[in-house]
>>> print(open('start01.cif').read())   # mmCIF, C-alpha atoms (C1' of nucleotides)
data_target
loop_
_atom_site.label_atom_id
_atom_site.label_comp_id
_atom_site.auth_asym_id
_atom_site.auth_seq_id
_atom_site.Cartn_x
_atom_site.Cartn_y
_atom_site.Cartn_z
CA MET A 1 0.00 0.00 0.00
CA PRO A 2 1.59 3.20 -1.18
CA GLY A 3 0.28 5.30 1.69
CA ARG A 4 -2.93 7.23 2.01
CA TRP A 5 -1.73 9.97 -0.36
CA GLY A 6 -0.24 7.77 -3.05
CA ARG A 7 1.78 9.63 -5.60
CA GLY A 8 -0.69 9.18 -8.42
CA PRO A 9 0.13 10.23 -11.96
CA ALA A 10 2.69 13.00 -12.36
CA LYS A 11 1.01 16.34 -12.92
CA TRP A 12 1.94 18.99 -15.48
CA TRP A 13 3.45 21.22 -12.82
CA HIS A 14 5.79 18.58 -11.36
CA GLY A 15 8.41 19.60 -13.87
CA GLU A 16 8.12 23.25 -12.92
CA PHE A 17 8.73 22.38 -9.29
CA ARG A 18 11.66 20.10 -9.95
CA GLY A 19 13.19 22.64 -12.27
CA CYS A 20 13.20 25.24 -9.50
CA GLY A 21 14.46 22.84 -6.87
CA TYR A 22 11.19 22.93 -4.97
CA ARG A 23 9.93 19.79 -3.33
CA ILE A 24 6.67 18.21 -4.29
CA THR A 25 4.86 17.86 -1.01
CA ILE A 26 1.40 16.67 -0.08
CA PRO A 27 0.11 20.11 0.93
CA ARG A 28 1.35 21.59 -2.34
CA GLN A 29 -0.23 18.86 -4.40
CA ILE A 30 -3.57 19.23 -2.70
CA ILE A 31 -3.57 23.00 -2.83
CA LEU A 32 -2.97 22.82 -6.57
CA GLN A 33 -5.64 20.17 -6.91
CA VAL A 34 -8.15 22.38 -5.11
CA LEU A 35 -7.24 25.37 -7.23
CA ASP A 36 -7.53 23.27 -10.35
CA GLU A 37 -10.92 21.88 -9.40
CA SER A 38 -12.66 25.05 -8.38
CA LYS A 39 -10.72 27.62 -10.36
CA GLU A 40 -12.54 30.76 -9.32
CA HIS A 41 -12.10 33.48 -6.76
CA LEU A 42 -10.96 31.44 -3.81
CA SER A 43 -9.69 33.29 -0.79
CA ALA A 44 -6.87 31.85 1.29
CA GLU A 45 -9.41 30.75 3.85
CA ASP A 46 -11.62 29.12 1.19
CA ILE A 47 -8.62 27.19 0.01
CA TYR A 48 -7.64 26.28 3.54
CA LEU A 49 -11.09 24.85 4.23
CA LYS A 50 -11.24 22.86 1.01
CA VAL A 51 -7.78 21.45 1.53
CA HIS A 52 -8.63 20.72 5.14
CA ASN A 53 -11.43 18.38 3.99
CA ILE A 54 -8.95 16.31 2.05
CA TYR A 55 -5.93 16.67 4.32
CA PRO A 56 -6.89 17.81 7.81
CA ALA A 57 -3.32 18.28 8.94
CA ILE A 58 -2.92 21.34 6.74
CA GLY A 59 -2.06 24.64 8.43
CA LEU A 60 -3.27 28.02 7.28
CA THR A 61 0.31 29.24 7.23
CA THR A 62 1.20 26.65 4.67
CA VAL A 63 -1.63 27.77 2.47
CA TYR A 64 -0.38 31.34 2.48
CA ARG A 65 3.19 30.25 1.91
CA THR A 66 2.28 27.96 -0.94
CA LEU A 67 0.13 30.58 -2.60
CA ASP A 68 3.05 32.96 -2.41
CA LEU A 69 5.29 30.40 -4.01
CA LEU A 70 2.81 29.70 -6.78
CA ILE A 71 2.44 33.39 -7.48
CA ASN A 72 6.18 33.78 -7.81
CA MET A 73 6.31 30.77 -10.10
CA GLY A 74 3.58 32.37 -12.17
CA LEU A 75 1.24 29.42 -11.73
CA ILE A 76 -1.50 31.40 -10.03
CA PHE A 77 -2.64 34.98 -9.99
CA LYS A 78 -3.76 37.05 -7.04
CA PHE A 79 -6.71 39.41 -7.26
CA ASP A 80 -7.84 42.17 -4.96
CA PHE A 81 -11.49 42.92 -5.40
CA GLY A 82 -11.58 45.47 -2.64
CA ASP A 83 -13.25 43.52 0.14
CA GLY A 84 -10.11 43.10 2.20
CA ARG A 85 -9.28 39.54 1.31
CA ALA A 86 -7.27 38.43 -1.70
CA ARG A 87 -8.50 35.84 -4.17
CA TYR A 88 -6.43 33.36 -6.10
CA GLU A 89 -6.92 31.68 -9.47
CA LEU A 90 -4.86 29.35 -11.58
CA SER A 91 -3.32 31.59 -14.18
CA ARG A 92 -4.13 30.12 -17.49
CA GLY A 93 -2.50 32.63 -19.80
CA PRO A 94 -4.45 35.30 -21.71
CA LYS A 95 -4.66 33.07 -24.75
CA GLU A 96 -6.34 30.20 -23.04
CA PRO A 97 -10.10 30.03 -23.35
CA SER A 98 -10.71 30.29 -19.63
CA HIS A 99 -9.15 33.73 -19.50
CA HIS A 100 -11.73 36.18 -18.29
CA HIS A 101 -12.30 39.60 -16.88
CA HIS A 102 -14.45 40.65 -13.95
CA LEU A 103 -17.59 42.54 -13.07
CA ILE A 104 -17.63 43.43 -9.39
CA CYS A 105 -20.68 44.59 -7.48
CA THR A 106 -19.59 47.30 -5.08
CA ASN A 107 -22.68 46.77 -2.98
CA CYS A 108 -22.87 43.03 -2.31
CA GLY A 109 -19.42 41.99 -3.46
CA ARG A 110 -20.65 39.56 -6.08
CA ILE A 111 -18.12 38.82 -8.76
CA ILE A 112 -19.14 37.88 -12.27
CA ASP A 113 -16.63 36.49 -14.73
CA TYR A 114 -17.14 37.24 -18.35
CA THR A 115 -15.35 35.63 -21.21
CA ASP A 116 -17.46 37.24 -23.92
CA PHE A 117 -16.06 40.23 -25.70
CA VAL A 118 -12.67 39.44 -24.27
CA ASP A 119 -11.21 38.74 -27.69
CA GLU A 120 -11.49 42.31 -28.92
CA GLU A 121 -10.20 43.54 -25.63
CA LEU A 122 -7.21 41.26 -25.80
CA GLU A 123 -6.28 42.43 -29.26
CA LEU A 124 -6.22 46.02 -28.14
CA LEU A 125 -4.46 45.13 -24.91
CA LYS A 126 -1.74 43.37 -26.83
CA LYS A 127 -1.09 46.50 -28.85
CA THR A 128 -1.20 48.69 -25.80
CA GLU A 129 1.09 46.35 -23.96
CA LYS A 130 3.66 46.58 -26.70
CA LYS A 131 3.63 50.36 -26.67
CA LEU A 132 3.73 50.56 -22.90
CA SER A 133 6.60 48.11 -22.51
CA LYS A 134 8.63 50.16 -24.92
CA LYS A 135 7.79 53.55 -23.47
CA TYR A 136 8.24 52.61 -19.83
CA SER A 137 10.72 49.74 -20.23
CA PHE A 138 8.24 47.65 -18.36
CA GLU A 139 8.12 43.89 -18.70
CA ILE A 140 4.41 43.11 -18.69
CA LYS A 141 3.46 39.71 -17.34
CA ASN A 142 -0.26 39.96 -16.88
CA HIS A 143 -3.22 42.31 -16.74
CA THR A 144 -6.59 42.76 -15.10
CA ILE A 145 -9.68 44.47 -16.35
CA GLN A 146 -12.42 44.99 -13.86
CA PHE A 147 -15.69 46.80 -14.09
CA TYR A 148 -17.22 48.07 -10.86
CA GLY A 149 -20.86 48.83 -10.37
CA LEU A 150 -24.13 47.39 -9.18
CA CYS A 151 -25.36 43.91 -10.02
CA GLU A 152 -28.96 43.30 -11.00
CA LYS A 153 -30.17 42.67 -7.46
CA CYS A 154 -28.43 45.62 -5.86
CA SER A 155 -29.33 47.93 -8.70
CA THR A 156 -33.06 47.29 -8.44
CA SER A 157 -33.17 47.12 -4.66
CA LYS A 158 -31.76 50.63 -4.44
CA GLU A 159 -34.50 52.32 -6.44
CA MET B 1 -10.33 87.09 12.28
CA PRO B 2 -12.36 84.28 10.89
CA GLY B 3 -10.51 81.54 12.80
CA ARG B 4 -7.47 79.57 11.90
CA TRP B 5 -9.33 77.44 9.37
CA GLY B 6 -11.33 80.22 7.75
CA ARG B 7 -13.99 79.05 5.41
CA GLY B 8 -12.26 80.28 2.30
CA PRO B 9 -13.96 80.22 -1.07
CA ALA B 10 -16.67 77.60 -1.50
CA LYS B 11 -15.33 74.55 -3.27
CA TRP B 12 -16.97 72.62 -6.08
CA TRP B 13 -17.91 69.79 -3.78
CA HIS B 14 -19.70 71.92 -1.18
CA GLY B 15 -22.90 71.52 -3.15
CA GLU B 16 -22.56 67.78 -3.26
CA PHE B 17 -22.25 67.66 0.50
CA ARG B 18 -25.13 69.98 1.17
CA GLY B 19 -27.30 68.09 -1.27
CA CYS B 20 -26.78 64.86 0.67
CA GLY B 21 -27.25 66.50 4.04
CA TYR B 22 -23.63 66.00 5.00
CA ARG B 23 -21.84 68.61 7.04
CA ILE B 24 -18.86 70.45 5.75
CA THR B 25 -16.29 69.96 8.48
CA ILE B 26 -12.66 70.92 8.80
CA PRO B 27 -11.36 67.35 8.57
CA ARG B 28 -13.39 66.75 5.42
CA GLN B 29 -12.24 69.96 3.83
CA ILE B 30 -8.61 69.20 4.52
CA ILE B 31 -8.81 65.58 3.43
CA LEU B 32 -10.29 66.72 0.12
CA GLN B 33 -7.63 69.40 -0.16
CA VAL B 34 -4.88 66.84 0.35
CA LEU B 35 -6.43 64.48 -2.18
CA ASP B 36 -6.79 67.34 -4.63
CA GLU B 37 -3.21 68.48 -4.21
CA SER B 38 -1.44 65.17 -4.49
CA LYS B 39 -3.92 63.19 -6.50
CA GLU B 40 -2.06 59.90 -6.80
CA HIS B 41 -2.00 56.59 -4.98
CA LEU B 42 -2.30 57.80 -1.42
CA SER B 43 -2.92 55.21 1.27
CA ALA B 44 -5.08 56.03 4.26
CA GLU B 45 -1.95 56.47 6.32
CA ASP B 46 -0.36 58.76 3.70
CA ILE B 47 -3.46 60.89 3.82
CA TYR B 48 -3.51 60.86 7.58
CA LEU B 49 0.06 62.11 7.76
CA LYS B 50 -0.45 64.84 5.22
CA VAL B 51 -3.62 66.03 6.90
CA HIS B 52 -1.90 65.83 10.25
CA ASN B 53 0.65 68.41 9.09
CA ILE B 54 -2.11 70.87 8.39
CA TYR B 55 -4.51 69.90 11.15
CA PRO B 56 -2.80 67.91 13.91
CA ALA B 57 -6.04 67.12 15.72
CA ILE B 58 -7.09 64.73 12.97
CA GLY B 59 -7.68 61.10 13.90
CA LEU B 60 -6.95 58.13 11.68
CA THR B 61 -10.49 56.93 12.21
CA THR B 62 -11.86 60.07 10.67
CA VAL B 63 -9.66 59.59 7.64
CA TYR B 64 -11.05 56.11 7.06
CA ARG B 65 -14.58 57.26 7.68
CA THR B 66 -14.28 60.21 5.38
CA LEU B 67 -12.72 58.14 2.62
CA ASP B 68 -15.62 55.76 2.91
CA LEU B 69 -18.04 58.59 2.59
CA LEU B 70 -16.27 60.03 -0.40
CA ILE B 71 -16.26 56.64 -2.10
CA ASN B 72 -19.99 56.30 -1.59
CA MET B 73 -20.50 59.79 -2.95
CA GLY B 74 -18.44 58.81 -5.95
CA LEU B 75 -15.92 61.60 -5.36
CA ILE B 76 -12.95 59.29 -4.94
CA PHE B 77 -12.00 55.85 -6.09
CA LYS B 78 -10.32 53.09 -4.12
CA PHE B 79 -7.63 50.92 -5.64
CA ASP B 80 -6.10 47.67 -4.47
CA PHE B 81 -2.69 47.15 -5.96
CA GLY B 82 -2.05 43.97 -4.05
CA ASP B 83 0.29 45.19 -1.33
CA GLY B 84 -2.26 44.98 1.44
CA ARG B 85 -3.10 48.64 1.72
CA ALA B 86 -5.73 50.44 -0.31
CA ARG B 87 -4.99 53.61 -2.27
CA TYR B 88 -7.34 56.48 -2.95
CA GLU B 89 -7.60 58.96 -5.78
CA LEU B 90 -9.97 61.74 -6.68
CA SER B 91 -12.19 60.20 -9.30
CA ARG B 92 -12.15 62.46 -12.21
CA GLY B 93 -14.43 60.58 -14.59
CA PRO B 94 -13.17 58.54 -17.55
CA LYS B 95 -13.63 61.47 -19.89
CA GLU B 96 -11.44 63.82 -17.98
CA PRO B 97 -7.86 64.16 -19.15
CA SER B 98 -6.37 62.99 -15.88
CA HIS B 99 -8.03 59.59 -16.22
CA HIS B 100 -5.32 56.98 -16.33
CA HIS B 101 -4.54 53.32 -16.04
CA HIS B 102 -1.78 51.60 -14.09
CA LEU B 103 1.41 49.66 -14.52
CA ILE B 104 2.30 47.84 -11.31
CA CYS B 105 5.68 46.32 -10.59
CA THR B 106 5.11 43.06 -8.77
CA ASN B 107 8.64 43.14 -7.43
CA CYS B 108 9.11 46.58 -5.88
CA GLY B 109 5.53 47.75 -5.86
CA ARG B 110 6.17 50.81 -7.98
CA ILE B 111 3.09 52.15 -9.68
CA ILE B 112 3.26 54.00 -12.96
CA ASP B 113 0.29 55.90 -14.30
CA TYR B 114 -0.15 56.12 -17.99
CA THR B 115 -2.52 58.38 -19.81
CA ASP B 116 -1.16 57.55 -23.26
CA PHE B 117 -3.07 55.11 -25.38
CA VAL B 118 -5.98 55.38 -23.00
CA ASP B 119 -8.24 56.90 -25.64
CA GLU B 120 -8.42 53.78 -27.76
CA GLU B 121 -8.87 51.70 -24.68
CA LEU B 122 -11.72 53.87 -23.53
CA GLU B 123 -13.51 53.60 -26.80
CA LEU B 124 -13.41 49.84 -26.68
CA LEU B 125 -14.30 49.81 -23.01
CA LYS B 126 -17.35 51.91 -23.68
CA LYS B 127 -18.55 49.38 -26.23
CA THR B 128 -17.77 46.47 -23.96
CA GLU B 129 -19.48 48.19 -21.08
CA LYS B 130 -22.65 48.58 -23.08
CA LYS B 131 -22.73 44.92 -24.04
CA LEU B 132 -21.92 43.75 -20.54
CA SER B 133 -24.53 45.93 -18.85
CA LYS B 134 -27.15 44.51 -21.13
CA LYS B 135 -26.08 40.88 -20.87
CA TYR B 136 -25.60 40.84 -17.12
CA SER B 137 -28.02 43.61 -16.14
CA PHE B 138 -25.09 45.24 -14.44
CA GLU B 139 -24.95 48.97 -13.83
CA ILE B 140 -21.34 49.83 -14.52
CA LYS B 141 -19.97 52.79 -12.62
CA ASN B 142 -16.26 52.57 -13.17
CA HIS B 143 -13.43 50.37 -14.36
CA THR B 144 -9.79 49.62 -13.77
CA ILE B 145 -7.16 48.40 -16.16
CA GLN B 146 -3.90 47.33 -14.62
CA PHE B 147 -0.83 45.75 -16.11
CA TYR B 148 1.38 43.73 -13.81
CA GLY B 149 5.02 42.98 -14.43
CA LEU B 150 8.51 44.18 -13.74
CA CYS B 151 9.63 47.78 -13.92
CA GLU B 152 12.89 48.74 -15.55
CA LYS B 153 14.95 48.46 -12.38
CA CYS B 154 13.56 45.14 -11.23
CA SER B 155 13.65 43.69 -14.71
CA THR B 156 17.36 44.35 -15.18
CA SER B 157 18.41 43.53 -11.64
CA LYS B 158 16.94 40.05 -12.00
CA GLU B 159 19.04 39.01 -14.97
"C1'" DA C 1 -27.28 82.34 21.02
"C1'" DT C 2 -29.19 77.75 21.45
"C1'" DA C 3 -30.65 73.15 20.51
"C1'" DT C 4 -30.20 69.21 17.77
"C1'" DT C 5 -27.70 65.68 16.16
"C1'" DA C 6 -24.05 64.45 12.80
"C1'" DA C 7 -19.25 64.05 13.14
"C1'" DT C 8 -15.08 63.40 15.67
"C1'" DG C 9 -11.06 61.09 18.05
"C1'" DA C 10 -9.03 57.84 21.48
"C1'" DA C 11 -8.96 53.38 22.45
"C1'" DA C 12 -10.31 48.73 21.94
"C1'" DA C 13 -11.66 45.11 18.73
"C1'" DT C 14 -11.37 42.52 14.16
"C1'" DA C 15 -9.49 40.25 10.46
"C1'" DA C 16 -6.09 39.10 7.11
"C1'" DT C 17 -1.56 38.10 6.60
"C1'" DT C 18 3.37 37.32 8.14
"C1'" DA C 19 7.21 35.90 11.23
"C1'" DT C 20 9.16 32.52 14.56
"C1'" DC C 21 10.86 28.15 15.59
"C1'" DA C 22 11.00 23.40 16.85
"C1'" DA C 23 9.43 19.17 14.53
"C1'" DT C 24 8.75 16.67 10.17
"C1'" DA C 25 9.39 14.70 5.71
"C1'" DA C 26 11.25 14.97 0.59
"C1'" DG C 27 14.76 13.61 -2.19
"C1'" DG C 28 19.47 12.45 -2.95
"C1'" DA C 29 23.43 9.48 -1.43
"C1'" DA C 30 25.25 5.30 0.48
"C1'" DT D 1 16.18 0.18 1.36
"C1'" DT D 2 18.18 3.31 5.05
"C1'" DC D 3 20.41 7.46 6.37
"C1'" DC D 4 21.36 12.43 5.90
"C1'" DT D 5 20.66 17.00 4.72
"C1'" DT D 6 17.83 20.68 4.58
"C1'" DA D 7 13.47 22.47 2.65
"C1'" DT D 8 8.96 22.48 4.36
"C1'" DT D 9 5.52 22.32 7.72
"C1'" DG D 10 2.15 23.73 11.46
"C1'" DA D 11 1.15 25.84 16.04
"C1'" DT D 12 1.62 30.02 17.97
"C1'" DA D 13 2.62 34.70 18.40
"C1'" DA D 14 3.21 39.06 16.12
"C1'" DT D 15 1.92 42.56 12.59
"C1'" DT D 16 -0.79 45.51 10.04
"C1'" DA D 17 -4.77 47.58 7.97
"C1'" DT D 18 -9.25 48.62 8.93
"C1'" DT D 19 -13.67 48.82 11.93
"C1'" DT D 20 -16.31 49.40 16.02
"C1'" DT D 21 -17.50 51.72 20.29
"C1'" DC D 22 -18.71 55.55 22.85
"C1'" DA D 23 -18.32 59.80 25.22
"C1'" DT D 24 -17.20 64.48 23.56
"C1'" DT D 25 -17.32 68.21 20.15
"C1'" DA D 26 -18.94 71.22 16.66
"C1'" DA D 27 -21.93 72.26 12.22
"C1'" DT D 28 -26.21 73.82 11.00
"C1'" DA D 29 -31.11 75.27 11.47
"C1'" DT D 30 -33.86 77.91 14.38
#
>>> encode(input="start01.cif", output="structure tokens")
Amino acid sequence: MPGRWGRGPAKWWHGEFRGCGYRITIPRQIILQVLDESKEHLSAEDIYLKVHNIYPAIGLTTVYRTLDLLINMGLIFKFDFGDGRARYELSRGPKEPSHHHHLICTNCGRIIDYTDFVDEELELLKKTEKKLSKKYSFEIKNHTIQFYGLCEKCSTSKE
Amino acid sequence: MPGRWGRGPAKWWHGEFRGCGYRITIPRQIILQVLDESKEHLSAEDIYLKVHNIYPAIGLTTVYRTLDLLINMGLIFKFDFGDGRARYELSRGPKEPSHHHHLICTNCGRIIDYTDFVDEELELLKKTEKKLSKKYSFEIKNHTIQFYGLCEKCSTSKE
DNA sequence: ATATTAATGAAAATAATTATCAATAAGGAA
DNA sequence: TTCCTTATTGATAATTATTTTCATTAATAT
């Protein structure tokens, strides 16, 4: 019996870890699994709770540390939607179909992803990016576009 | 002598306050003055310190409270750049020439405003906004566009 | 000038995140 | 496999930004 957390098939990110000299540990594997399964808008605490279900020994500290590591490796992206807690998502690059932008309700905090219309936006962003990198000698790695306002519920309930 | 903090000429926002039934107080006047004078990326603490120079009786609580009020009135806008402290700027609307977007260095935290190339972006955003509001019944009030990456210094020092 | 009540500021309370440090476990070497 | 080195972990304490509480103060209408 290979232990309760058998190695299982090697994942796409194992190489990235090895390449950087990082160890592939159980907490890291499960945190990535959780991020991969739920994808959207998870706070550190959300992640902690989900991981905790699978691997109760996890500590919140480890979650924060791992998220930090993953950010630095470029595997995940951190968002601040203005409610005082950060959210994390697997960073599929801008070209991948799951790339999306956000609508954020400033009243109830609801976050809506949209993937429609992103294509045109991306085209323009690519151009802008090129100009900006040149002008400011800035190496652009990623971007966010967020629209703030009132969602349907909050908009009508305020009338 | 009209007192150390004489009323001075009525400011553009006096009407907005009166209209909402809010009182025009010394702390509020000075906080707005500070925001108006420095405009960019001030944290609550930055604002507190600047106001404190002019009006030492100010309390940090009042700064937070006033910023909250100003956000709700739509006079200022709150940004989260991911370093754990919020920044505030006078919200000149998207049409005004000072409207800008941000380049954020994920290494040193430097924030660069750019106003170039914003016109094209705005045009597209306006279109996108229209489509999104319809599709998601979302009342869009504002937007942010931020590019994340490495500034010149951090980019070269990492090679 | 006075009364009413919104606004203030000091201090305590929260909440998210980070630092500390002894114990554990991953991965290479024997 | 077993041992060794050292990165990683988790419990706890420490920070830091922001909010809440509440008695005092001051802006406005009268």
>>> interface_residues(input="start01.cif", of="chain B", to="chain C", cutoff="8 Å", atoms="all atoms listed in the file", output="list in words")
Tyr22, Arg23, Ile58, Gly59, Thr61 and Thr62 of chain B
>>> resolve_selection(input="start01.cif", expression="the PyMOL selection byres ((chain D) within 8 of (chain A))", output="number ranges by chain")
D: 7, 9-10
>>> atom_distance(input="start01.cif", atom1="C1' of DT30 (chain D)", atom2="CA of His14 (chain B)")
21.9 Å
>>> interface_residues(input="start01.cif", of="chain A", to="chain B", cutoff="8 Å", atoms="only C-alpha atoms", output="ChimeraX atom specification")
/A:78-82,86,117,121,124-125,128,136-152,155
>>> atom_distance(input="start01.cif", atom1="CA of His101 (chain B)", atom2="CA of Lys134 (chain A)")
16.2 Å
>>> residues_near_point(input="start01.cif", point="(-8.1, 48.5, 9.8)", cutoff="9 Å", atoms="only C-alpha atoms (C1' of nucleotides)", output="PyMOL selection string")
(chain B and resi 64) or (chain C and resi 14-15) or (chain D and resi 16-19)
>>> atom_distance(input="start01.cif", atom1="CA of Glu89 (chain B)", atom2="CA of Lys11 (chain B)")
17.6 Å
